[in-house]
Every structure is written in structure tokens, then in C-alpha cells.
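Student: File follows, model.txt with compact mmCIF, C-alpha atoms and all ligand atoms:
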```txt
# COMPACT_ATOMS: atom_id res chain seq x y z
CA MET A 276 -39.24 -55.58 19.03
CA SER A 277 -41.13 -52.46 20.09
CA LYS A 278 -39.33 -49.14 20.17
CA LYS A 279 -38.02 -47.90 23.51
CA ARG A 280 -40.05 -44.97 24.83
CA VAL A 281 -37.68 -42.08 25.53
CA ALA A 282 -38.19 -38.93 27.60
CA VAL A 283 -35.70 -36.12 26.94
CA LEU A 284 -35.13 -33.73 29.84
CA ILE A 285 -33.92 -30.24 28.97
CA SER A 286 -33.38 -26.83 30.53
CA GLY A 287 -32.83 -24.58 27.52
CA ARG A 288 -31.99 -24.41 23.84
CA GLY A 289 -32.40 -28.11 23.08
CA SER A 290 -30.06 -28.46 20.11
CA ASN A 291 -29.14 -31.97 21.26
CA LEU A 292 -32.83 -32.75 21.59
CA GLN A 293 -33.19 -31.63 17.95
CA ALA A 294 -30.43 -34.01 16.89
CA LEU A 295 -32.19 -36.86 18.70
CA LEU A 296 -35.50 -35.93 17.07
CA ASP A 297 -33.94 -35.68 13.61
CA ALA A 298 -32.12 -39.01 13.82
CA LYS A 299 -33.66 -42.17 12.43
CA GLN A 300 -35.68 -43.33 15.40
CA ASP A 301 -35.47 -47.04 14.59
CA VAL A 302 -35.05 -48.44 18.08
CA TYR A 303 -36.26 -45.52 20.14
CA GLU A 304 -39.13 -43.08 19.98
CA ILE A 305 -39.11 -39.73 21.76
CA VAL A 306 -42.53 -39.52 23.36
CA LEU A 307 -41.96 -36.76 25.91
CA VAL A 308 -39.83 -33.64 26.28
CA LEU A 309 -39.82 -32.10 29.72
CA ALA A 310 -38.19 -28.84 30.78
CA ASN A 311 -37.58 -27.64 34.32
CA VAL A 312 -37.40 -24.05 33.00
CA PRO A 313 -40.58 -22.38 31.72
CA GLY A 314 -40.20 -21.15 28.15
CA ALA A 315 -37.19 -23.35 27.35
CA LEU A 316 -36.64 -23.12 23.61
CA GLY A 317 -36.43 -26.90 23.29
CA LEU A 318 -40.13 -27.18 24.14
CA GLU A 319 -40.92 -25.49 20.83
CA ARG A 320 -38.75 -28.01 19.03
CA ALA A 321 -40.73 -30.83 20.65
CA ARG A 322 -44.07 -29.32 19.67
CA ALA A 323 -42.87 -28.74 16.10
CA ALA A 324 -42.00 -32.45 15.96
CA GLY A 325 -45.41 -33.41 17.34
CA VAL A 326 -43.98 -34.64 20.64
CA GLU A 327 -45.62 -33.96 24.00
CA ALA A 328 -43.87 -31.01 25.67
CA LEU A 329 -44.24 -30.43 29.40
CA THR A 330 -42.84 -27.92 31.87
CA LEU A 331 -42.19 -28.88 35.47
CA ASP A 332 -40.76 -25.77 37.08
CA HIS A 333 -38.41 -26.70 39.92
CA LYS A 334 -38.68 -23.27 41.58
CA PRO A 335 -41.92 -23.79 43.55
CA TYR A 336 -40.26 -26.80 45.21
CA GLY A 337 -37.49 -24.61 46.65
CA LYS A 338 -34.82 -26.69 48.35
CA ASN A 339 -36.97 -29.82 48.33
CA ARG A 340 -35.29 -31.48 45.37
CA GLU A 341 -36.87 -34.83 46.10
CA ALA A 342 -40.42 -33.43 46.02
CA PHE A 343 -39.69 -32.05 42.54
CA GLU A 344 -38.26 -35.39 41.47
CA ARG A 345 -41.22 -37.37 42.85
CA GLU A 346 -43.52 -35.30 40.66
CA LEU A 347 -41.17 -35.77 37.71
CA ASN A 348 -41.05 -39.51 38.36
CA ALA A 349 -44.84 -39.73 38.41
CA LEU A 350 -45.08 -37.97 35.03
CA LEU A 351 -42.54 -40.37 33.54
CA ILE A 352 -44.15 -43.50 34.96
CA ALA A 353 -47.60 -42.37 33.74
CA ARG A 354 -46.17 -42.33 30.22
CA ASN A 355 -44.45 -45.72 30.42
CA ILE A 356 -41.04 -44.23 29.79
CA ASP A 357 -38.24 -46.78 29.26
CA ILE A 358 -35.23 -44.45 28.96
CA ILE A 359 -34.42 -40.91 30.08
CA ALA A 360 -31.97 -38.90 27.97
CA LEU A 361 -30.66 -35.80 29.70
CA ALA A 362 -29.85 -33.14 27.09
CA GLY A 363 -28.65 -29.94 28.70
CA PHE A 364 -30.69 -30.63 31.84
CA MET A 365 -28.94 -28.30 34.26
CA ARG A 366 -30.04 -29.80 37.52
CA VAL A 367 -28.19 -32.28 39.65
CA LEU A 368 -30.41 -35.26 40.44
CA THR A 369 -30.64 -36.78 43.92
CA PRO A 370 -29.69 -40.38 44.75
CA TYR A 371 -33.42 -41.12 45.06
CA PHE A 372 -34.11 -40.29 41.40
CA VAL A 373 -30.89 -41.81 40.09
CA ARG A 374 -31.71 -45.09 41.83
CA GLU A 375 -35.25 -45.07 40.41
CA TRP A 376 -33.78 -44.89 36.91
CA ALA A 377 -30.57 -46.85 37.44
CA GLY A 378 -29.29 -48.24 34.15
CA ARG A 379 -32.05 -46.45 32.22
CA MET A 380 -30.82 -42.84 32.21
CA ILE A 381 -28.04 -41.32 30.08
CA ASN A 382 -26.45 -37.88 29.77
CA ILE A 383 -24.30 -35.90 27.37
CA HIS A 384 -21.45 -33.85 28.79
CA PRO A 385 -19.20 -31.36 26.97
CA SER A 386 -15.79 -32.74 27.93
CA LEU A 387 -13.69 -35.85 27.52
CA LEU A 388 -14.68 -37.45 30.82
CA PRO A 389 -13.23 -38.26 33.28
CA LYS A 390 -11.69 -34.85 32.59
CA TYR A 391 -13.75 -31.84 33.67
CA PRO A 392 -16.97 -33.03 35.25
CA GLY A 393 -19.23 -30.13 36.24
CA THR A 394 -19.26 -26.71 34.60
CA ARG A 395 -16.91 -24.44 32.58
CA THR A 396 -15.51 -27.40 30.66
CA HIS A 397 -14.27 -25.40 27.65
CA GLU A 398 -12.52 -22.83 29.85
CA ARG A 399 -10.86 -25.56 31.88
CA ALA A 400 -9.59 -27.42 28.80
CA LEU A 401 -8.04 -24.17 27.53
CA GLU A 402 -6.58 -23.26 30.93
CA ALA A 403 -4.95 -26.69 31.09
CA ASN A 404 -3.42 -26.20 27.61
CA ASP A 405 -5.00 -29.47 26.50
CA ALA A 406 -4.31 -30.60 22.95
CA GLU A 407 -7.70 -32.29 22.69
CA HIS A 408 -11.25 -31.70 23.87
CA GLY A 409 -14.65 -33.18 23.12
CA CYS A 410 -17.81 -34.69 24.53
CA THR A 411 -18.98 -37.84 26.26
CA VAL A 412 -22.24 -39.75 26.58
CA HIS A 413 -22.48 -41.79 29.77
CA VAL A 414 -24.89 -43.69 31.99
CA VAL A 415 -26.03 -41.54 34.93
CA VAL A 416 -24.92 -42.66 38.38
CA GLU A 417 -25.05 -40.90 41.74
CA GLU A 418 -21.64 -39.27 41.26
CA VAL A 419 -21.99 -36.27 38.93
CA ASP A 420 -20.76 -36.83 35.34
CA ALA A 421 -19.44 -40.30 36.15
CA GLY A 422 -20.89 -43.67 35.09
CA GLU A 423 -20.20 -46.05 32.24
CA MET A 424 -19.08 -44.24 29.11
CA LEU A 425 -21.13 -45.06 26.03
CA GLY A 426 -19.13 -42.98 23.57
CA GLN A 427 -16.87 -40.00 23.00
CA GLU A 428 -16.06 -37.65 20.14
CA ARG A 429 -12.87 -35.61 20.19
CA LEU A 430 -11.34 -32.65 18.40
CA ARG A 431 -7.94 -30.96 18.30
CA ILE A 432 -7.78 -27.61 20.08
CA ASN A 433 -6.53 -24.95 17.64
CA PRO A 434 -4.39 -21.93 18.51
CA GLY A 435 -6.78 -19.01 18.99
CA ASP A 436 -9.70 -21.18 20.14
CA THR A 437 -11.82 -19.42 22.76
CA PRO A 438 -14.38 -21.03 25.09
CA GLU A 439 -17.10 -19.83 22.72
CA ILE A 440 -15.43 -21.29 19.64
CA LEU A 441 -14.82 -24.57 21.45
CA ALA A 442 -18.43 -24.68 22.66
CA THR A 443 -19.63 -24.40 19.04
CA ARG A 444 -17.14 -26.96 17.73
CA VAL A 445 -17.92 -29.45 20.52
CA LEU A 446 -21.67 -28.99 20.06
CA GLU A 447 -21.39 -30.13 16.45
CA LEU A 448 -19.76 -33.32 17.69
CA GLU A 449 -22.43 -33.75 20.37
CA HIS A 450 -25.10 -33.75 17.68
CA GLN A 451 -23.38 -36.67 15.96
CA LEU A 452 -22.54 -38.57 19.12
CA TYR A 453 -25.81 -38.47 21.06
CA PRO A 454 -28.15 -40.10 18.51
CA ARG A 455 -25.59 -42.84 17.91
CA CYS A 456 -25.18 -43.59 21.62
CA LEU A 457 -28.90 -43.45 22.37
CA THR A 458 -29.56 -45.87 19.51
CA GLU A 459 -26.95 -48.30 20.81
CA PHE A 460 -28.16 -47.94 24.39
CA ALA A 461 -31.82 -48.43 23.43
CA SER A 462 -30.88 -51.59 21.54
CA ARG A 463 -29.32 -53.18 24.59
CA VAL A 464 -31.53 -52.19 27.56
C1 LIG B 501 -24.62 -29.09 25.69
O1 LIG B 501 -23.34 -28.62 25.36
C2 LIG B 501 -24.54 -30.19 26.73
O2 LIG B 501 -23.44 -31.03 26.56
C3 LIG B 501 -24.40 -29.38 27.99
O3 LIG B 501 -25.27 -28.30 27.83
C4 LIG B 501 -25.41 -28.01 26.44
C5 LIG B 501 -26.88 -28.03 26.09
O4 LIG B 501 -27.10 -27.57 24.79
N1 LIG B 501 -24.71 -30.17 29.14
C6 LIG B 501 -24.12 -30.04 30.32
O5 LIG B 501 -23.24 -29.22 30.54
C7 LIG B 501 -24.63 -30.96 31.40
N2 LIG B 501 -23.76 -30.97 32.51
P1 LIG B 501 -28.46 -27.86 24.04
O6 LIG B 501 -29.57 -27.38 24.98
O7 LIG B 501 -28.42 -27.01 22.81
O8 LIG B 501 -28.56 -29.32 23.75
```
Write the structure described by the file as C-alpha cells, please.
Ligand code: GAR
Tutor:
Amino acid sequence: MSKKRVAVLISGRGSNLQALLDAKQDVYEIVLVLANVPGALGLERARAAGVEALTLDHKPYGKNREAFERELNALLIARNIDIIALAGFMRVLTPYFVREWAGRMINIHPSLLPKYPGTRTHERALEANDAEHGCTVHVVVEEVDAGEMLGQERLRINPGDTPEILATRVLELEHQLYPRCLTEFASRV
């Protein structure tokens, strides 16, 4: 069986992208990394790994989200992409794009969904005095940070944990979780 062709969409640092690149790519192959932010650090990671790295800046499209996404879609189709993995892609996608990639796009989110969709997840877990926190990989659907859960990793919140400490601790779990979930997902789609 041929490997699934994966595009990873990023907006910044790309540490999850690095984990996906470093994993044993038995059933998937990352063939494209695309950032919506010029100069995103993750683009360098892609180049260092010999993977095509593209920037599609969303700014010139202004409020026309769909025009940006149509361009994005064309780039993906031209490269025969099978699966999109969102990895710190900080842009909400419209129903148009989500429908185009229904069942073929996954995301990693830094909370134990369904708790804390959206932003400030570490702050909110602390404010709620939660005992546990973690991260989730899920299939992308029109509702933000919803969709079938493919896996979760959890940790115990320690006294003295700050949002920054939690972010670092959760990120380590993300790097274990995402390659595992992408591998499983790529084996079944
Ligand atoms: C990660 O913590 C990821 O879960 C989060 O952004 C960070 C990206 O880090 N994603 C979201 O909040 C999406 N809603 P990275 O660029 O180093 O992978």
C-alpha cells in the first residue's frame, strides 16, 4: 500500500511538525508544509528535512477567508494531498474548506476536549482548578475543536503549575500523541 501524502499546515514554531517529521513515516509521508505566516519557524524545519515549504499569507485576502482557502485548496490538490494535519495552524477554517476535506483533515489541540475549545486552554484549566489537563487529536469538522477524537494524552496538574509550565508539559505529550494518531488515521483512511 502506498504511503498517504500528508500536508502539514502551520502558523509558527512547528514543534509538532518536527515530531511528525521525526516519527517513523511508515504509512504517511509529509510532502508539503504550508504556513499562513511569512517567516514561520516551522518552514525552516521542513526545508531541513527536505520537504517542500510554502507560504500562503492570508493577509492580502483580508476578510475574504474563502478566497484564501480556494488558493490553499488548489495548492493541495496540485500536490495530490491525501491528508491535512493542522499543527498550530491558528486560523479558523470556513465550512467550504472543511467540507472539501471532510474526513481527511485532523488537528491537535492543547486541552482534554470537549473541555476548553478555543484559546487560553492552560489558563482555563488552572482557573477551573482542574486536577488533570492534556491534549487531544481530533478529526476537523465545522464546529471549532469538535469532531471525532482520535486520541488524548493527560497529565496531573501540580501545585505551582503556571500556564507557561503547563504549556511546556502538555507540548511534550503532544509530540508523543500526534505521530501516533496520524499513523493510525493514515492507516484507516
Ligand atoms: C500547540 O500547543 C498546539 O496544540 C496549539 O498550538 C501549539 C503549536 O505549537 N494549537 C492550537 O491551539 C490550535 N487551536 P507548535 O507550533 O510548536 O507545534
Student: If you count all atoms listed in the file, which residues fall within 9 Å of Arg340 (chain A), apart from same-chain ones fewer than 6 positions away, as a PyMOL selection string?
Tutor: chain A and resi 333+368-369
Student: Report as a count of residues only which protein, DNA and RNA residues come within 6 Å of ligand LIG 501 (chain B), using only C-alpha atoms and all ligand atoms.
Tutor: 14
Student: Which of these, A:Asp297, A:Glu407, A:Glu375, A:Glu402, has the shortest distance to Ile359 (chain A) once you count only C-alpha atoms?
Tutor: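 Comparing A:Asp297, A:Glu407, A:Glu375, A:Glu402 against Ile359 (chain A), the winner is A:Glu375.
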Student: Identify, on the basis of all atoms listed in the file, every residue whose closest approach to Tyr336 (chain A) does not exceed 12 Å; exclude the query and any residue fewer than 4 positions from it along the same chain; express the result as a list in words.
Tutor: Asn311, Leu331, Asp332, Arg340, Glu341, Ala342, Phe343, Glu344, Arg345, Glu346 and Leu347 of chain A
Student: Can you tell me, as a VMD selection string, what residues are no more than 7 Å from Thr330 (chain A) when counting only C-alpha atoms, ignoring any on the same chain fewer than 6 positions away?
Tutor: chain A and resid 309 to 313
Student: Counting all atoms listed in the file, which residue out of A:His397, A:Ser386, A:Val373, A:Leu457 sits closest to Asp301 (chain A)?
Tutor: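 Residue with the minimum atom-to-atom distance to Asp301 (chain A): A:Leu457.
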Student: Interatomic distance between CA of Val367 (chain A) and CA of Pro392 (chain A)?
Tutor: 12.1 Å
Student: Set the distance at 12 Å and use only C-alpha atoms: which residues neighbour Glu459 (chain A) once local chain neighbours fewer than 3 positions away are removed? I'd like the list as a count of residues only.
Tutor: 18
Student: Report, in Å with one decimal, the straight-line distance from CA of Gln293 (chain A) to CA of Lys278 (chain A).
Tutor: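 Spanning CA of Gln293 (chain A) to CA of Lys278 (chain A) is a straight-line distance of 18.7 Å.
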Student: Find the spatial neighbours of Ile305 (chain A), counting only C-alpha atoms, within a cut-off of 8 Å - ignore same-chain residues fewer than 6 positions away - and output them as an NGL selection string.
Tutor: :A and (280-283 or 296 or 326)
Student: In terms of the shortest atom-to-atom distance over all atoms listed in the file, which of A:Met380, A:Leu316, A:Val308, A:Leu388 is closest to Arg354 (chain A)?
Tutor: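 When distances to Arg354 (chain A) are compared using all atoms listed in the file, the smallest one comes from A:Val308.
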Student: May I ask for the distance between CA of Thr396 (chain A) and CA of Glu439 (chain A), given in Å to one decimal place?
Tutor: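 Calculated distance between CA of Thr396 (chain A) and CA of Glu439 (chain A) is 11.1 Å.
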Student: Which residue is closest to Pro389 (chain A)? Choose from A:Val306, A:Ala421, A:Ala349, A:Val414 and count all atoms listed in the file.
Tutor: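 Selected residue with least distance to Pro389 (chain A): A:Ala421.
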Student: In terms of the shortest atom-to-atom distance over only C-alpha atoms, which of A:Arg395, A:Gly422, A:Val415, A:Asp357 is closest to Pro438 (chain A)?
Tutor: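 Closest to Pro438 (chain A), using only C-alpha atoms: A:Arg395.
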